[in-house]
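Source file protein12.pdb; content: PDB, C-alpha atoms.
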```pdb
ATOM      1  CA  GLY V   1     -18.956  -8.169  46.338
ATOM      2  CA  PRO V   2     -21.549 -10.793  45.627
ATOM      3  CA  LEU V   3     -20.319 -14.293  45.004
ATOM      4  CA  SER V   4     -21.336 -14.722  41.413
ATOM      5  CA  GLU V   5     -19.423 -11.658  40.188
ATOM      6  CA  ARG V   6     -16.049 -12.462  41.735
ATOM      7  CA  ARG V   7     -13.280 -14.008  39.721
ATOM      8  CA  LEU V   8     -11.867 -17.427  40.533
ATOM      9  CA  MET V   9      -8.730 -16.080  42.218
ATOM     10  CA  ASP V  10     -10.733 -13.958  44.639
ATOM     11  CA  VAL V  11     -12.936 -16.821  45.823
ATOM     12  CA  ARG V  12     -11.954 -18.393  49.116
ATOM     13  CA  LEU V  13     -11.509 -22.136  49.367
ATOM     14  CA  GLY V  14     -14.589 -22.781  51.461
ATOM     15  CA  GLU V  15     -16.837 -20.913  49.051
ATOM     16  CA  LEU V  16     -15.691 -22.857  46.016
ATOM     17  CA  PRO V  17     -18.725 -25.181  45.630
ATOM     18  CA  ALA V  18     -21.088 -22.233  46.003
ATOM     19  CA  TRP V  19     -19.153 -20.285  43.427
ATOM     20  CA  LEU V  20     -19.229 -23.241  41.030
ATOM     21  CA  ALA V  21     -22.979 -23.435  41.458
ATOM     22  CA  THR V  22     -23.448 -19.820  40.394
ATOM     23  CA  CYS V  23     -21.422 -19.936  37.228
ATOM     24  CA  ASP V  24     -22.914 -20.525  33.821
ATOM     25  CA  LEU V  25     -22.374 -24.147  32.782
ATOM     26  CA  SER V  26     -24.351 -24.182  29.529
ATOM     27  CA  PRO V  27     -22.355 -24.691  26.306
ATOM     28  CA  GLN V  28     -22.485 -20.986  25.494
ATOM     29  CA  GLY V  29     -21.433 -20.131  28.999
ATOM     30  CA  LEU V  30     -18.519 -22.553  28.903
ATOM     31  CA  LEU V  31     -17.492 -21.297  25.490
ATOM     32  CA  GLY V  32     -17.625 -17.738  26.799
ATOM     33  CA  GLY V  33     -15.526 -18.719  29.772
ATOM     34  CA  VAL V  34     -12.937 -20.391  27.549
ATOM     35  CA  GLN V  35     -12.873 -17.347  25.271
ATOM     36  CA  LYS V  36     -12.371 -14.996  28.176
ATOM     37  CA  ALA V  37      -9.574 -17.130  29.615
ATOM     38  CA  TRP V  38      -7.777 -17.329  26.271
ATOM     39  CA  SER V  39      -8.170 -13.621  25.609
ATOM     40  CA  SER V  40      -6.773 -12.697  29.022
ATOM     41  CA  TYR V  41      -3.796 -15.050  28.488
ATOM     42  CA  TYR V  42      -3.258 -13.703  24.971
ATOM     43  CA  ASP V  43      -3.344 -10.108  26.122
ATOM     44  CA  LYS V  44      -0.941 -10.729  28.950
ATOM     45  CA  TYR V  45       1.763 -12.829  27.295
ATOM     46  CA  ILE V  46       1.499 -12.791  23.484
ATOM     47  CA  ASN V  47      -0.097  -9.560  22.283
ATOM     48  CA  VAL V  48       2.711  -7.279  23.479
ATOM     49  CA  LYS V  49       5.271  -5.182  21.684
ATOM     50  CA  ARG V  50       8.384  -7.020  22.863
ATOM     51  CA  GLY V  51       7.419 -10.494  23.938
ATOM     52  CA  GLY V  52       9.808 -13.305  24.707
ATOM     53  CA  PRO V  53       9.772 -17.084  24.687
ATOM     54  CA  ALA V  54       7.405 -17.129  27.660
ATOM     55  CA  GLY V  55       4.215 -16.824  25.650
ATOM     56  CA  ILE V  56       4.367 -20.012  23.626
ATOM     57  CA  SER V  57       6.682 -21.955  25.925
ATOM     58  CA  MET V  58       3.989 -22.035  28.610
ATOM     59  CA  LEU V  59       1.484 -23.280  26.026
ATOM     60  CA  LEU V  60       3.885 -26.007  24.910
ATOM     61  CA  ALA V  61       4.607 -27.050  28.462
ATOM     62  CA  GLY V  62       0.909 -27.278  29.156
ATOM     63  CA  TYR V  63       0.487 -29.372  26.026
ATOM     64  CA  CYS V  64       3.315 -31.692  27.140
ATOM     65  CA  LEU V  65       1.745 -32.214  30.568
ATOM     66  CA  LEU V  66      -1.699 -32.801  29.076
ATOM     67  CA  SER V  67      -0.461 -35.379  26.576
ATOM     68  CA  TYR V  68       1.570 -37.103  29.312
ATOM     69  CA  GLY V  69      -1.562 -37.309  31.388
ATOM     70  CA  TRP V  70      -3.574 -38.766  28.507
ATOM     71  CA  ASN V  71      -0.916 -41.366  27.740
ATOM     72  CA  TYR V  72      -0.083 -42.263  31.348
ATOM     73  CA  GLN V  73      -1.823 -45.632  31.209
ATOM     74  CA  HIS V  74       0.190 -46.635  28.180
ATOM     75  CA  ILE V  75       3.472 -45.282  29.541
ATOM     76  CA  SER V  76       3.156 -46.942  32.914
ATOM     77  CA  LYS V  77       2.844 -50.397  31.320
ATOM     78  CA  ILE V  78       6.507 -50.588  30.378
ATOM     79  CA  SER V  79       7.341 -54.036  29.034
ATOM     80  CA  PHE V  80      10.095 -55.863  30.829
ATOM     81  CA  LEU V  81      12.275 -56.511  27.781
ATOM     82  CA  ALA V  82      12.549 -52.846  26.768
ATOM     83  CA  SER V  83      13.803 -51.695  30.151
ATOM     84  CA  VAL V  84      16.700 -54.199  30.207
TER      85      VAL V  84
ATOM     86  CA  VAL F   1      -6.644 -18.026  17.180
ATOM     87  CA  LEU F   2      -9.364 -15.854  18.606
ATOM     88  CA  HIS F   3      -8.823 -12.156  18.063
ATOM     89  CA  THR F   4     -11.421 -10.808  20.466
ATOM     90  CA  THR F   5      -8.701  -9.390  22.588
ATOM     91  CA  ARG F   6      -9.726  -5.871  23.434
ATOM     92  CA  PRO F   7     -13.428  -5.416  24.236
ATOM     93  CA  LEU F   8     -14.489  -2.490  22.059
ATOM     94  CA  HIS F   9     -17.434  -0.189  22.657
ATOM     95  CA  THR F  10     -18.240  -1.648  26.053
ATOM     96  CA  THR F  11     -17.464   1.474  28.063
ATOM     97  CA  GLN F  12     -18.808   4.883  27.197
ATOM     98  CA  GLN F  13     -17.887   6.335  23.842
ATOM     99  CA  CYS F  14     -14.534   8.002  24.296
ATOM    100  CA  SER F  15     -12.837   9.579  21.363
ATOM    101  CA  ALA F  16      -9.274   8.867  22.461
ATOM    102  CA  PRO F  17      -7.465   6.312  20.327
ATOM    103  CA  LEU F  18      -6.962   2.740  21.469
ATOM    104  CA  PRO F  19      -4.539   2.319  24.364
ATOM    105  CA  PRO F  20      -1.136   1.275  23.035
ATOM    106  CA  LEU F  21       0.090  -2.293  23.321
ATOM    107  CA  PRO F  22       1.960  -3.050  26.566
ATOM    108  CA  GLU F  23       5.734  -2.998  26.140
ATOM    109  CA  LYS F  24       6.562  -6.285  27.811
ATOM    110  CA  GLY F  25       4.486  -9.332  28.634
ATOM    111  CA  GLY F  26       3.830 -10.669  32.080
ATOM    112  CA  GLU F  27       6.968 -11.604  34.006
ATOM    113  CA  VAL F  28       7.838 -15.280  33.729
ATOM    114  CA  ARG F  29      10.647 -17.019  35.561
ATOM    115  CA  TYR F  30      12.718 -19.643  33.743
ATOM    116  CA  GLY F  31      10.361 -19.212  30.783
ATOM    117  CA  LEU F  32       7.749 -21.473  32.360
ATOM    118  CA  ILE F  33       6.398 -20.240  35.667
ATOM    119  CA  PRO F  34       4.712 -16.828  35.954
ATOM    120  CA  GLU F  35       6.005 -14.434  38.556
ATOM    121  CA  GLU F  36       2.588 -14.310  40.204
ATOM    122  CA  PHE F  37       3.121 -17.804  41.572
ATOM    123  CA  PHE F  38       6.271 -16.728  43.412
ATOM    124  CA  GLN F  39       4.522 -13.634  44.732
ATOM    125  CA  PHE F  40       1.597 -15.763  45.828
ATOM    126  CA  LEU F  41       3.831 -17.991  47.973
ATOM    127  CA  TYR F  42       6.156 -15.258  49.232
ATOM    128  CA  PRO F  43       4.147 -14.150  52.316
ATOM    129  CA  LYS F  44       3.905 -17.649  53.706
ATOM    130  CA  THR F  45       7.195 -19.260  52.673
ATOM    131  CA  GLY F  46       9.592 -16.471  51.726
ATOM    132  CA  VAL F  47      11.881 -16.557  48.730
ATOM    133  CA  THR F  48      12.866 -20.256  48.692
ATOM    134  CA  GLY F  49       9.322 -21.539  49.088
ATOM    135  CA  PRO F  50       8.489 -22.165  45.452
ATOM    136  CA  TYR F  51      11.860 -23.809  44.844
ATOM    137  CA  MET F  52      11.365 -26.212  47.763
ATOM    138  CA  LEU F  53       7.889 -26.921  46.470
ATOM    139  CA  GLY F  54       9.291 -27.629  43.018
ATOM    140  CA  THR F  55      12.037 -29.911  44.304
ATOM    141  CA  GLY F  56       9.722 -31.827  46.582
ATOM    142  CA  LEU F  57       7.162 -32.247  43.831
ATOM    143  CA  LEU F  58       9.803 -33.494  41.410
ATOM    144  CA  LEU F  59      11.203 -36.058  43.875
ATOM    145  CA  TYR F  60       7.723 -37.232  44.725
ATOM    146  CA  LEU F  61       6.817 -37.729  41.069
ATOM    147  CA  LEU F  62      10.044 -39.607  40.381
ATOM    148  CA  SER F  63       9.961 -41.813  43.421
ATOM    149  CA  LYS F  64       6.348 -42.812  43.037
ATOM    150  CA  GLU F  65       6.898 -43.468  39.351
ATOM    151  CA  ILE F  66       4.168 -41.011  38.445
ATOM    152  CA  TYR F  67       6.754 -39.655  36.054
ATOM    153  CA  VAL F  68       8.325 -42.635  34.307
ATOM    154  CA  VAL F  69      11.948 -42.317  33.185
ATOM    155  CA  ASN F  70      12.283 -43.958  29.787
ATOM    156  CA  HIS F  71      13.672 -43.243  26.318
ATOM    157  CA  GLU F  72      11.309 -40.331  25.972
ATOM    158  CA  THR F  73      12.950 -38.611  28.915
ATOM    159  CA  VAL F  74      16.315 -38.714  27.152
ATOM    160  CA  ALA F  75      14.756 -37.420  23.958
ATOM    161  CA  ALA F  76      13.039 -34.620  25.845
ATOM    162  CA  ALA F  77      16.287 -33.652  27.554
ATOM    163  CA  CYS F  78      18.186 -33.453  24.243
ATOM    164  CA  ILE F  79      15.424 -31.440  22.555
ATOM    165  CA  LEU F  80      15.230 -29.040  25.471
ATOM    166  CA  THR F  81      18.980 -28.511  25.415
ATOM    167  CA  VAL F  82      18.969 -27.688  21.740
ATOM    168  CA  ILE F  83      15.997 -25.368  22.066
ATOM    169  CA  ILE F  84      17.448 -23.461  25.000
ATOM    170  CA  TYR F  85      20.802 -23.124  23.267
ATOM    171  CA  GLY F  86      19.129 -21.822  20.123
ATOM    172  CA  VAL F  87      16.987 -19.317  21.999
ATOM    173  CA  LYS F  88      19.889 -18.035  24.043
ATOM    174  CA  LYS F  89      22.111 -17.592  21.015
ATOM    175  CA  TYR F  90      19.750 -16.185  18.365
ATOM    176  CA  GLY F  91      16.994 -14.735  20.478
ATOM    177  CA  SER F  92      18.120 -11.111  20.350
ATOM    178  CA  ASP F  93      18.652 -11.195  16.577
ATOM    179  CA  VAL F  94      15.189 -12.530  15.936
ATOM    180  CA  ALA F  95      13.767  -9.949  18.314
ATOM    181  CA  ALA F  96      15.574  -7.117  16.479
ATOM    182  CA  PHE F  97      14.266  -8.384  13.125
ATOM    183  CA  ALA F  98      10.697  -8.550  14.402
ATOM    184  CA  ASP F  99      11.049  -5.068  15.871
ATOM    185  CA  LYS F 100      12.252  -3.770  12.514
ATOM    186  CA  LEU F 101       9.200  -5.263  10.774
ATOM    187  CA  ASN F 102       6.940  -3.627  13.301
ATOM    188  CA  GLU F 103       8.731  -0.304  12.858
ATOM    189  CA  GLU F 104       8.195  -0.422   9.112
ATOM    190  CA  LYS F 105       4.500  -1.120   9.545
ATOM    191  CA  VAL F 106       4.083   1.723  11.997
ATOM    192  CA  ALA F 107       6.118   4.069   9.796
ATOM    193  CA  LYS F 108       3.928   3.278   6.790
ATOM    194  CA  ALA F 109       0.762   3.957   8.760
ATOM    195  CA  LEU F 110       2.213   7.201  10.088
ATOM    196  CA  ALA F 111       3.204   8.242   6.578
ATOM    197  CA  VAL F 112      -0.339   7.676   5.368
ATOM    198  CA  LYS F 113      -1.687   9.695   8.260
ATOM    199  CA  ASN F 114       0.736  12.574   7.623
ATOM    200  CA  GLU F 115      -0.111  12.538   3.928
ATOM    201  CA  ALA F 116      -3.779  12.771   4.747
ATOM    202  CA  ILE F 117      -3.157  15.617   7.195
ATOM    203  CA  LYS F 118      -1.075  17.519   4.651
ATOM    204  CA  ASP F 119      -3.683  17.098   1.950
ATOM    205  CA  LEU F 120      -6.386  18.318   4.274
ATOM    206  CA  GLU F 121      -4.308  21.325   5.268
ATOM    207  CA  THR F 122      -3.740  22.344   1.645
ATOM    208  CA  ALA F 123      -7.467  21.906   1.070
ATOM    209  CA  ILE F 124      -8.148  24.215   4.013
ATOM    210  CA  GLU F 125      -5.799  26.853   2.621
ATOM    211  CA  GLN F 126      -7.419  26.711  -0.770
ATOM    212  CA  GLU F 127     -10.808  27.008   0.843
ATOM    213  CA  LYS F 128      -9.678  30.117   2.722
ATOM    214  CA  LYS F 129      -8.363  31.582  -0.516
ATOM    215  CA  GLU F 130     -11.709  30.986  -2.157
ATOM    216  CA  GLN F 131     -13.411  32.708   0.721
ATOM    217  CA  TRP F 132     -11.089  35.680   0.280
ATOM    218  CA  ARG F 133     -11.934  35.758  -3.407
ATOM    219  CA  VAL F 134     -15.595  35.974  -2.603
ATOM    220  CA  GLU F 135     -14.997  39.415  -1.117
ATOM    221  CA  GLY F 136     -14.210  40.751  -4.580
ATOM    222  CA  ARG F 137     -17.701  39.976  -5.741
ATOM    223  CA  SER F 138     -18.863  43.578  -5.461
ATOM    224  CA  TYR F 139     -16.145  44.852  -7.806
ATOM    225  CA  LEU F 140     -17.073  42.227 -10.350
ATOM    226  CA  PHE F 141     -20.703  43.196 -10.271
ATOM    227  CA  ASP F 142     -19.891  46.897 -10.495
ATOM    228  CA  ALA F 143     -17.852  46.305 -13.619
ATOM    229  CA  LYS F 144     -20.637  44.229 -15.116
ATOM    230  CA  ARG F 145     -23.182  46.888 -14.302
ATOM    231  CA  ASN F 146     -21.010  49.532 -15.962
ATOM    232  CA  ASN F 147     -20.687  47.398 -19.061
ATOM    233  CA  ILE F 148     -24.395  46.938 -19.332
ATOM    234  CA  ALA F 149     -25.070  50.660 -18.843
ATOM    235  CA  MET F 150     -22.621  51.469 -21.581
ATOM    236  CA  LEU F 151     -24.247  49.010 -23.943
ATOM    237  CA  LEU F 152     -27.657  50.475 -23.279
ATOM    238  CA  GLU F 153     -26.335  54.007 -23.827
ATOM    239  CA  THR F 154     -24.705  53.159 -27.162
ATOM    240  CA  ASN F 155     -27.778  51.365 -28.339
ATOM    241  CA  TYR F 156     -29.975  54.320 -27.435
ATOM    242  CA  ARG F 157     -27.732  56.743 -29.254
ATOM    243  CA  GLU F 158     -27.586  54.586 -32.362
ATOM    244  CA  ARG F 159     -31.326  54.476 -32.532
ATOM    245  CA  LEU F 160     -31.555  58.227 -31.966
ATOM    246  CA  LEU F 161     -29.213  58.776 -34.891
ATOM    247  CA  THR F 162     -31.296  56.499 -37.083
ATOM    248  CA  VAL F 163     -34.450  58.409 -36.235
ATOM    249  CA  TYR F 164     -32.781  61.716 -36.997
ATOM    250  CA  ASN F 165     -31.508  60.464 -40.341
ATOM    251  CA  GLU F 166     -34.861  59.109 -41.410
ATOM    252  CA  VAL F 167     -36.691  62.315 -40.505
ATOM    253  CA  LYS F 168     -34.086  64.403 -42.343
ATOM    254  CA  LYS F 169     -34.458  62.232 -45.429
ATOM    255  CA  ARG F 170     -38.206  62.729 -45.504
ATOM    256  CA  LEU F 171     -37.917  66.499 -44.981
ATOM    257  CA  ASP F 172     -35.261  66.775 -47.718
ATOM    258  CA  TYR F 173     -37.578  64.959 -50.054
ATOM    259  CA  GLN F 174     -40.324  67.423 -49.421
ATOM    260  CA  VAL F 175     -37.968  70.376 -49.961
ATOM    261  CA  ALA F 176     -36.638  68.860 -53.153
ATOM    262  CA  MET F 177     -40.165  68.309 -54.397
ATOM    263  CA  GLN F 178     -41.090  71.944 -53.811
ATOM    264  CA  ASN F 179     -37.935  73.229 -55.515
ATOM    265  CA  LEU F 180     -38.517  71.030 -58.477
ATOM    266  CA  LYS F 181     -42.094  72.191 -58.828
ATOM    267  CA  ARG F 182     -41.147  75.893 -58.699
ATOM    268  CA  GLN F 183     -38.384  75.398 -61.218
ATOM    269  CA  LYS F 184     -40.631  73.604 -63.577
ATOM    270  CA  GLU F 185     -43.254  76.325 -63.269
ATOM    271  CA  GLN F 186     -40.610  78.988 -63.903
ATOM    272  CA  ASP F 187     -39.248  77.247 -66.947
ATOM    273  CA  HIS F 188     -42.619  76.635 -68.334
ATOM    274  CA  MET F 189     -43.655  80.277 -67.846
ATOM    275  CA  ILE F 190     -40.492  81.611 -69.473
ATOM    276  CA  GLN F 191     -40.963  79.355 -72.398
ATOM    277  CA  TRP F 192     -44.574  80.360 -72.758
ATOM    278  CA  VAL F 193     -43.753  84.084 -72.516
ATOM    279  CA  GLU F 194     -40.963  83.760 -75.072
ATOM    280  CA  LYS F 195     -43.169  81.859 -77.438
ATOM    281  CA  ASN F 196     -45.918  84.396 -77.187
ATOM    282  CA  VAL F 197     -43.581  87.316 -77.622
ATOM    283  CA  VAL F 198     -41.943  85.741 -80.606
ATOM    284  CA  GLN F 199     -45.364  85.034 -82.045
ATOM    285  CA  SER F 200     -46.483  88.583 -81.475
ATOM    286  CA  ILE F 201     -43.559  90.116 -83.342
ATOM    287  CA  THR F 202     -45.022  90.652 -86.850
ATOM    288  CA  PRO F 203     -42.588  90.939 -89.717
ATOM    289  CA  GLN F 204     -43.249  94.677 -90.039
ATOM    290  CA  GLN F 205     -42.488  95.381 -86.463
ATOM    291  CA  GLN F 206     -39.332  93.373 -86.879
ATOM    292  CA  LYS F 207     -38.163  95.602 -89.768
ATOM    293  CA  GLU F 208     -38.966  98.763 -87.834
ATOM    294  CA  SER F 209     -37.107  97.599 -84.764
ATOM    295  CA  ILE F 210     -34.076  96.531 -86.773
ATOM    296  CA  ALA F 211     -33.946 100.000 -88.488
ATOM    297  CA  LYS F 212     -34.249 101.741 -85.134
ATOM    298  CA  CYS F 213     -31.468  99.570 -83.741
ATOM    299  CA  ILE F 214     -29.192 100.459 -86.642
ATOM    300  CA  LEU F 215     -29.840 104.159 -86.082
ATOM    301  CA  ASP F 216     -29.162 103.850 -82.399
ATOM    302  CA  LEU F 217     -25.980 101.991 -83.059
ATOM    303  CA  LYS F 218     -24.782 104.684 -85.444
ATOM    304  CA  ALA F 219     -25.514 107.373 -82.902
ATOM    305  CA  LEU F 220     -23.713 105.426 -80.251
ATOM    306  CA  SER F 221     -20.737 104.775 -82.441
ATOM    307  CA  LYS F 222     -20.502 108.492 -83.174
ATOM    308  CA  SER F 223     -20.594 109.369 -79.507
ATOM    309  CA  ALA F 224     -18.051 106.631 -78.749
ATOM    310  CA  GLN F 225     -15.718 107.849 -81.470
ATOM    311  CA  ALA F 226     -16.033 111.343 -80.065
ATOM    312  CA  ALA F 227     -15.223 110.107 -76.567
ATOM    313  CA  VAL F 228     -12.072 108.313 -77.773
TER     314      VAL F 228
END
```

Let's see the structure in the file written out as structure tokens.
Amino acid sequence: GPLSERRLMDVRLGELPAWLATCDLSPQGLLGGVQKAWSSYYDKYINVKRGGPAGISMLLAGYCLLSYGWNYQHISKISFLASV
Amino acid sequence: VLHTTRPLHTTQQCSAPLPPLPEKGGEVRYGLIPEEFFQFLYPKTGVTGPYMLGTGLLLYLLSKEIYVVNHETVAAACILTVIIYGVKKYGSDVAAFADKLNEEKVAKALAVKNEAIKDLETAIEQEKKEQWRVEGRSYLFDAKRNNIAMLLETNYRERLLTVYNEVKKRLDYQVAMQNLKRQKEQDHMIQWVEKNVVQSITPQQQKESIAKCILDLKALSKSAQAAV
């Protein structure tokens, strides 16, 4: 179908800039996008009858990676004395 | 936590209830990586592709010191061990407990629904009974009509009797009046005749009549004695 209505997974690599241009980047649009993403994740992994550890473990892992990325500058400057 | 999970009222109005919750969540391998990733790489790299990717990525991060091995790594390893041990050992028990809670909630809701259905059914039966009762209306009205007719009849007859009694009383009065008048006239006339007769008997006539009576009596007594 037309470019603007396809989801991210169905967009080919070469069309990515064009697809980014069509999407709604205002605050409401971004908020809507975030809401949709969270609701699809919630429906798939958490809001089920018999879920497992997968739902929150993926969230925690993502949080770990994100906080590692934020603190990378500080972590990479290991002082010499501590490593001995 | 946002609860706008299921978009309601976006499609046409359909009266079926909400679709039930899915039984199991999306498939996740090793608790961290969704199954879709493995399926995504399967056509190009086969089964071992994602594992090779993971190993290569890990070695690259370690060797280039993008992932720094320090005290935090040890701490993370210990925490992960404890968590995985706990989940493996007590996971099923916690799941059973949560399932029981869910069951109770669903059972309560079902009980409420069944109660409501039962109450409505009894209401329907009572309504039908009332409708059946309505058919007896005609008998009720017939009985009432009969009652009223009887009342009217008795009332009419009572009044008729009253009229008859009143008329009889007036007629009796008239008759009594006439009788009284005649009697009084008779009495008065007799008295008047007796008075006049007594007045007209002079003393001489009285003596003559007494002598005649004595003679008659003697004659009679003689004839009577002769008869005996």

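Applying a distance limit of 7 Å to only C-alpha atoms, the residues of chain V near chain F read Ser39, Asp43, Lys44, Tyr45, Ile46, Val48, Lys49, Arg50, Gly51, Pro53, Ala54, Ser57, Met58 and Ser76 of chain V.
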
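Going from CA of Gln225 (chain F) to CA of Cys213 (chain F) covers 17.9 Å.
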
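Of note, CA of Thr154 (chain F) and CA of Leu140 (chain F) are spaced 21.5 Å apart.
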
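Here CA of Ala37 (chain V) and CA of Pro43 (chain F) stand 26.7 Å from one another.
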